[in-house]
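With TSV, C-alpha atoms and all ligand atoms inside, this is model.tsv:
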```tsv
chain	number	residue	atom	x	y	z
A	153	MET	CA	153.53	-101.83	188.87
A	154	PRO	CA	155.33	-104.52	190.89
A	155	VAL	CA	154.46	-105.33	194.47
A	156	ARG	CA	156.71	-103.90	197.12
A	157	LEU	CA	157.22	-105.56	200.47
A	158	TRP	CA	158.89	-104.54	203.71
A	159	LEU	CA	159.96	-107.29	206.08
A	160	THR	CA	161.30	-106.55	209.54
A	161	CYS	CA	162.62	-109.17	211.97
A	162	PRO	CA	165.54	-109.74	214.38
A	163	ALA	CA	168.76	-109.56	212.35
A	164	ASP	CA	169.91	-113.03	213.42
A	165	VAL	CA	166.82	-114.72	211.91
A	166	MET	CA	166.88	-112.77	208.65
A	167	PRO	CA	169.09	-115.26	206.68
A	168	PRO	CA	166.39	-118.01	206.45
A	169	MET	CA	163.81	-115.36	205.54
A	170	LEU	CA	166.15	-114.05	202.82
A	171	ALA	CA	166.42	-117.55	201.36
A	172	ARG	CA	162.60	-117.68	201.12
A	173	LEU	CA	162.47	-114.23	199.57
A	174	GLN	CA	164.91	-115.39	196.87
A	175	TRP	CA	162.70	-118.42	196.32
A	176	LEU	CA	159.77	-116.05	195.65
A	177	GLY	CA	161.82	-114.34	192.94
A	178	VAL	CA	162.20	-110.92	194.57
A	179	ARG	CA	164.17	-108.14	192.87
A	180	ARG	CA	165.93	-104.96	194.03
A	181	LEU	CA	166.44	-106.28	197.54
A	182	GLN	CA	167.71	-103.67	199.97
A	183	ARG	CA	168.76	-104.35	203.55
A	184	TYR	CA	168.87	-101.93	206.47
A	185	LEU	CA	170.02	-102.59	210.01
A	186	TYR	CA	168.30	-100.88	212.95
A	187	GLY	CA	170.18	-102.09	216.04
A	188	PRO	CA	169.09	-105.70	216.61
A	189	LEU	CA	166.47	-105.50	213.85
A	190	CYS	CA	166.88	-105.94	210.14
A	191	ARG	CA	164.50	-104.53	207.54
A	192	VAL	CA	164.36	-105.68	203.97
A	193	SER	CA	162.60	-103.94	201.11
A	194	ALA	CA	162.09	-105.78	197.82
A	195	LEU	CA	159.95	-106.01	194.69
A	196	LEU	CA	157.78	-108.98	193.76
A	197	PRO	CA	156.02	-109.65	190.45
A	198	ASP	CA	152.36	-108.56	190.63
A	199	THR	CA	150.06	-111.48	189.84
A	200	THR	CA	146.52	-112.08	191.07
A	201	ASP	CA	147.89	-114.48	193.70
A	202	THR	CA	150.80	-112.37	194.97
A	203	PRO	CA	148.98	-111.65	198.27
A	204	LEU	CA	148.99	-115.41	198.87
A	205	ARG	CA	152.76	-115.58	198.28
A	206	VAL	CA	153.30	-112.73	200.71
A	207	HIS	CA	151.12	-114.56	203.23
A	208	TRP	CA	153.17	-117.74	202.71
A	209	LEU	CA	156.34	-115.81	203.53
A	210	TRP	CA	154.80	-114.38	206.69
A	211	GLU	CA	153.55	-117.85	207.76
A	212	GLN	CA	157.02	-119.30	207.23
A	213	GLY	CA	158.43	-116.89	209.77
A	214	ARG	CA	155.55	-117.34	212.18
A	215	GLN	CA	155.65	-121.13	212.11
A	216	GLN	CA	159.22	-121.00	213.32
A	217	GLY	CA	158.22	-118.74	216.17
A	218	LEU	CA	159.95	-115.71	214.65
A	219	THR	CA	158.74	-112.18	215.30
A	220	VAL	CA	158.17	-111.04	211.76
A	221	TYR	CA	156.50	-107.80	210.69
A	222	LEU	CA	155.49	-107.91	207.05
A	223	TYR	CA	153.79	-105.14	205.07
A	224	ALA	CA	153.23	-105.34	201.32
A	225	GLY	CA	151.10	-103.87	198.57
A	226	ASN	CA	150.84	-103.05	194.91
A	227	ASP	CA	150.98	-99.53	193.57
A	228	THR	CA	152.99	-98.17	196.49
A	229	ASP	CA	156.56	-97.16	197.21
A	230	LEU	CA	155.84	-96.01	200.72
A	231	PRO	CA	156.59	-98.07	203.81
A	232	PHE	CA	153.75	-98.26	206.29
A	233	ALA	CA	153.08	-95.06	208.21
A	234	LEU	CA	150.01	-94.16	210.24
A	235	PRO	CA	148.42	-90.80	209.41
A	236	PHE	CA	148.22	-88.17	212.10
A	237	LEU	CA	144.92	-88.57	213.93
A	238	PRO	CA	143.39	-86.62	216.77
A	239	PRO	CA	143.17	-88.63	220.02
A	240	LEU	CA	140.22	-91.03	220.10
A	241	ARG	CA	138.23	-92.19	223.10
A	242	THR	CA	138.13	-96.00	223.23
A	243	GLU	CA	135.93	-98.37	225.27
A	244	GLN	CA	136.25	-102.01	226.10
A	245	GLY	CA	134.21	-104.02	223.61
A	246	VAL	CA	134.26	-101.38	220.88
A	247	PHE	CA	136.71	-102.08	218.07
A	248	GLY	CA	138.90	-99.40	216.52
A	249	SER	CA	141.90	-98.43	218.60
A	250	ILE	CA	144.25	-98.14	215.58
A	251	ARG	CA	146.30	-101.10	216.85
A	252	HIS	CA	144.67	-103.78	214.71
A	253	PRO	CA	146.26	-104.52	211.29
A	254	THR	CA	142.89	-104.25	209.49
A	255	THR	CA	142.33	-100.73	210.86
A	256	GLN	CA	145.90	-99.80	209.93
A	257	LEU	CA	145.44	-101.18	206.40
A	258	CYS	CA	142.25	-99.17	205.91
A	259	LEU	CA	144.04	-96.05	207.15
A	260	ALA	CA	146.86	-96.72	204.66
A	261	LEU	CA	144.40	-97.13	201.78
A	262	LEU	CA	142.35	-94.07	202.77
A	263	GLN	CA	145.58	-92.07	202.58
A	264	ALA	CA	146.62	-93.65	199.29
A	265	VAL	CA	143.36	-93.06	197.41
A	266	GLY	CA	142.87	-89.47	198.57
A	267	LEU	CA	139.86	-88.01	200.35
A	268	ASP	CA	139.68	-84.40	199.23
A	269	ALA	CA	136.05	-83.19	199.21
A	270	LYS	CA	134.74	-86.76	199.04
A	271	ARG	CA	131.52	-88.03	200.56
A	272	VAL	CA	132.48	-91.17	202.47
A	273	LEU	CA	130.40	-93.99	203.95
A	274	ASP	CA	132.13	-95.88	206.79
A	275	ILE	CA	130.29	-99.16	207.45
A	276	GLY	CA	131.02	-100.82	210.81
A	277	THR	CA	132.60	-97.72	212.26
A	278	GLY	CA	133.41	-99.01	215.79
A	279	THR	CA	135.11	-96.12	217.60
A	280	GLY	CA	134.73	-94.04	214.44
A	281	VAL	CA	138.46	-94.24	213.72
A	282	LEU	CA	138.13	-94.43	209.93
A	283	ALA	CA	135.39	-91.80	209.86
A	284	VAL	CA	137.62	-89.45	211.88
A	285	ALA	CA	140.58	-90.25	209.60
A	286	ALA	CA	138.43	-89.47	206.55
A	287	LEU	CA	137.37	-86.07	207.92
A	288	ALA	CA	140.92	-85.31	209.10
A	289	GLY	CA	142.12	-86.25	205.59
A	290	GLY	CA	139.83	-83.74	203.87
A	291	ALA	CA	136.58	-85.62	203.23
A	292	ARG	CA	133.61	-83.27	202.79
A	293	GLN	CA	131.17	-85.45	204.70
A	294	VAL	CA	131.17	-88.85	206.39
A	295	ILE	CA	128.23	-91.08	207.23
A	296	ALA	CA	129.18	-93.84	209.66
A	297	THR	CA	127.10	-96.92	210.54
A	298	ASP	CA	127.35	-99.63	213.14
A	299	ILE	CA	125.03	-102.42	214.17
A	300	ALA	CA	125.94	-101.85	217.84
A	301	SER	CA	124.50	-98.76	219.51
A	302	THR	CA	127.42	-98.63	222.01
A	303	ALA	CA	129.83	-98.30	219.09
A	304	ALA	CA	127.62	-95.71	217.37
A	305	ARG	CA	127.51	-93.58	220.56
A	306	LEU	CA	131.29	-93.73	220.94
A	307	ALA	CA	131.82	-92.90	217.26
A	308	ALA	CA	129.50	-89.88	217.62
A	309	PHE	CA	131.54	-88.73	220.63
A	310	ASN	CA	134.79	-89.01	218.66
A	311	LEU	CA	133.31	-87.26	215.62
A	312	ALA	CA	131.87	-84.41	217.67
A	313	ARG	CA	135.08	-82.38	217.23
A	314	TYR	CA	133.95	-81.75	213.62
A	315	PRO	CA	130.99	-79.54	212.58
A	316	SER	CA	127.78	-81.57	212.79
A	317	GLU	CA	126.86	-80.97	209.13
A	318	ARG	CA	129.98	-82.93	208.10
A	319	TRP	CA	129.06	-86.23	209.76
A	320	ALA	CA	126.27	-88.51	210.97
A	321	VAL	CA	126.19	-91.87	212.72
A	322	VAL	CA	123.42	-94.36	211.97
A	323	VAL	CA	122.66	-97.60	213.82
A	324	CYS	CA	121.80	-100.23	211.20
A	325	ASP	CA	122.86	-103.51	209.63
A	326	LEU	CA	125.62	-102.60	207.14
A	327	ALA	CA	124.07	-99.65	205.25
A	328	SER	CA	120.51	-100.99	205.06
A	329	ALA	CA	118.98	-97.71	206.32
A	330	LEU	CA	120.79	-95.61	203.71
A	331	ARG	CA	120.17	-94.59	200.11
A	332	GLY	CA	122.08	-92.13	197.94
A	333	CYS	CA	125.49	-91.39	196.42
A	334	PHE	CA	128.91	-91.72	198.00
A	335	ASP	CA	132.35	-91.19	196.48
A	336	LEU	CA	133.90	-93.87	198.64
A	337	VAL	CA	132.56	-96.69	200.82
A	338	CYS	CA	134.79	-98.23	203.47
A	339	CYS	CA	133.93	-101.43	205.32
A	340	ASN	CA	136.24	-103.14	207.81
A	341	ILE	CA	134.09	-105.96	209.21
A	342	SER	CA	134.75	-109.42	207.71
A	343	ALA	CA	134.67	-111.36	204.44
A	344	ASP	CA	131.21	-112.74	205.30
A	345	VAL	CA	129.49	-109.37	205.00
A	346	LEU	CA	130.84	-108.74	201.51
A	347	PRO	CA	128.13	-110.56	199.47
A	348	PRO	CA	125.20	-108.73	201.18
A	349	LEU	CA	127.13	-105.44	201.12
A	350	LEU	CA	127.87	-105.73	197.39
A	351	SER	CA	124.25	-106.55	196.70
A	352	HIS	CA	123.16	-103.46	198.64
A	353	LEU	CA	125.71	-101.34	196.75
A	354	GLN	CA	124.33	-102.64	193.48
A	355	HIS	CA	120.71	-101.88	194.23
A	356	ASP	CA	120.43	-99.03	196.74
A	357	LEU	CA	123.64	-96.96	196.81
A	358	ALA	CA	125.56	-95.21	194.06
A	359	CYS	CA	129.29	-95.55	194.62
A	360	ASP	CA	132.30	-96.22	192.39
A	361	ALA	CA	135.05	-96.82	194.93
A	362	LEU	CA	135.25	-99.26	197.81
A	363	ILE	CA	137.76	-100.12	200.54
A	364	VAL	CA	137.17	-103.51	202.18
A	365	SER	CA	139.11	-105.20	204.94
A	366	GLY	CA	138.62	-107.61	207.82
A	367	PHE	CA	139.70	-110.69	205.90
A	368	THR	CA	142.79	-112.86	205.95
A	369	ALA	CA	144.96	-113.82	203.00
A	370	PRO	CA	143.41	-117.32	202.67
A	371	GLU	CA	140.07	-115.55	202.01
A	372	TRP	CA	141.60	-113.46	199.22
A	373	ARG	CA	140.39	-115.58	196.29
A	374	SER	CA	136.78	-115.59	197.53
A	375	VAL	CA	136.85	-111.84	198.15
A	376	ARG	CA	138.24	-111.16	194.67
A	377	ARG	CA	135.70	-113.50	193.08
A	378	TRP	CA	132.78	-111.82	194.89
A	379	LEU	CA	134.04	-108.38	193.87
A	380	ARG	CA	134.43	-109.40	190.22
A	381	SER	CA	131.07	-111.12	190.01
A	382	ARG	CA	129.43	-107.87	191.19
A	383	GLY	CA	131.33	-105.73	188.70
A	384	TRP	CA	134.23	-104.49	190.88
A	385	CYS	CA	137.92	-104.63	190.03
A	386	VAL	CA	140.69	-104.60	192.66
A	387	ASP	CA	142.94	-101.61	192.00
A	388	GLN	CA	145.12	-101.71	195.09
A	389	TRP	CA	145.70	-104.15	197.93
A	390	ARG	CA	147.73	-104.10	201.12
A	391	PHE	CA	148.92	-106.93	203.39
A	392	LEU	CA	149.90	-106.56	207.02
A	393	ASN	CA	150.79	-109.52	209.23
A	394	GLY	CA	148.26	-111.97	207.84
A	395	TRP	CA	145.48	-109.47	207.08
A	396	LEU	CA	144.47	-107.91	203.78
A	397	ALA	CA	142.59	-104.86	202.58
A	398	ALA	CA	141.57	-103.99	199.04
A	399	PHE	CA	140.61	-100.85	197.17
A	400	ALA	CA	138.20	-101.69	194.34
A	401	ARG	CA	136.58	-99.64	191.58
A	402	ARG	CA	133.44	-100.34	189.64
A	403	LEU	CA	134.27	-101.77	186.22
B	501	LIG	C1	136.41	-104.80	212.89
B	501	LIG	S1	135.39	-103.53	213.59
B	501	LIG	C2	135.96	-102.14	212.64
B	501	LIG	C3	135.94	-100.86	213.43
B	501	LIG	C4	136.61	-99.69	212.73
B	501	LIG	N1	135.90	-99.35	211.51
B	501	LIG	C5	138.05	-100.01	212.40
B	501	LIG	O1	138.39	-100.08	211.21
B	501	LIG	O2	138.87	-100.19	213.32
B	501	LIG	C6	133.83	-103.92	212.92
B	501	LIG	C7	132.69	-103.07	213.41
B	501	LIG	O3	131.56	-103.40	212.61
B	501	LIG	C8	130.42	-103.54	213.41
B	501	LIG	N2	129.54	-104.49	212.70
B	501	LIG	C9	129.59	-105.84	212.69
B	501	LIG	N3	128.63	-106.33	211.90
B	501	LIG	C10	127.95	-105.28	211.39
B	501	LIG	C11	126.86	-105.13	210.50
B	501	LIG	N4	126.26	-106.19	209.97
B	501	LIG	N5	126.44	-103.89	210.21
B	501	LIG	C12	127.05	-102.79	210.73
B	501	LIG	N6	128.08	-102.86	211.59
B	501	LIG	C13	128.55	-104.09	211.90
B	501	LIG	C14	130.92	-104.03	214.75
B	501	LIG	O4	130.00	-103.67	215.77
B	501	LIG	C15	132.26	-103.32	214.84
B	501	LIG	O5	132.13	-102.08	215.50
```

Let's see the structure in the file written out as structure tokens.
Amino acid sequence: MPVRLWLTCPADVMPPMLARLQWLGVRRLQRYLYGPLCRVSALLPDTTDTPLRVHWLWEQGRQQGLTVYLYAGNDTDLPFALPFLPPLRTEQGVFGSIRHPTTQLCLALLQAVGLDAKRVLDIGTGTGVLAVAALAGGARQVIATDIASTAARLAAFNLARYPSERWAVVVCDLASALRGCFDLVCCNISADVLPPLLSHLQHDLACDALIVSGFTAPEWRSVRRWLRSRGWCVDQWRFLNGWLAAFARRL
């Protein structure tokens, strides 16, 4: 399935962006005007390096000081939309207010892969936003971890609207305190934690599906290489304003 992208910017700066889109070989380009803004939707060929091409396009706009909003991904026809979430308490110093692109990308992938009756592990939960989204989306149970006890306390507060047998919050490094089976593991921290996380998944946790985020497009090749070398294959990816998230399955 080809990659679809949605590019939004002020209408008067769209022409140079369109020239770059043509250069990337886009197809089925559609243009919509929303007052002073222009949105373009188009298809790109899906190659292993397409996320890097999308990133190049976004950088081109940014380098010229343009306000460009760029969302892209394979295996999707849906423009970006946040799921409905109950209100979350936030605190200074605890990440996870829904505003960051990496959180938004994880939310988009959680929606895309489906959560019905799944047992989910949310590593680096912050405010608990992804854990709450998983329960709101139909997950049977969520275990959330964070290395920071302030974040874990806040996540527990935000999760407390759900019955206590459906969730738990654990303070630990990645998932080092946990053993067992999960249907889906989600980790929005950084590219650096991926090698130790994948090693832990290989030895101590049974899981066949993984959402990872917290890395930028230039880190894409390393992330893909690490995933492959540990027996994971990227099924879906999403790009939002310089950031990437991937959904991988065990080969
Ligand atoms: C980028 S935030 C993500 C928060 C939330 N999951 C989201 O998607 O918005 C990363 C979180 O991971 C936690 N963290 C960082 N390193 C960690 C580690 N080694 N083990 C567990 N949690 C970690 C941080 O304290 C922070 O709350």

Contacts to ligand LIG 501 (chain B) at 6 Å cut-off (all atoms listed in the file) as a VMD selection string: chain A and resid 246 to 248 255 275 to 278 281 to 282 297 to 300 303 324 to 326 340 to 341

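The residue that comes closest to A:Leu157, out of A:Asn393, A:Gln293, A:Thr279, A:Gln216 and on the basis of all atoms listed in the file, is A:Asn393.
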
Atom CA of A:Leu379 and atom CA of A:Pro348, how far apart in Å? 11.5 Å

A:Ala400, A:Arg380, A:Ala224, A:Leu392: which is nearest A:Arg251, counting all atoms listed in the file?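 Of A:Ala400, A:Arg380, A:Ala224, A:Leu392, the one nearest A:Arg251 is A:Leu392, counting all atoms listed in the file.
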
Taking all atoms listed in the file into account, name the residue in A:Leu204, A:Val294, A:Val345, A:Val321 that is nearest to A:Leu396. A:Leu204

What's the 10 Å shell around A:Ala361, counting all atoms listed in the file, without same-chain residues fewer than 4 positions away, as a PyMOL selection string? chain A and resi 265+272+334-338+384-387+399-402

Residue with smallest distance to A:Gly280 - pool A:Arg191, A:Arg241, A:Arg214, A:Arg292, counting only C-alpha atoms: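 Nearest to A:Gly280: A:Arg241.
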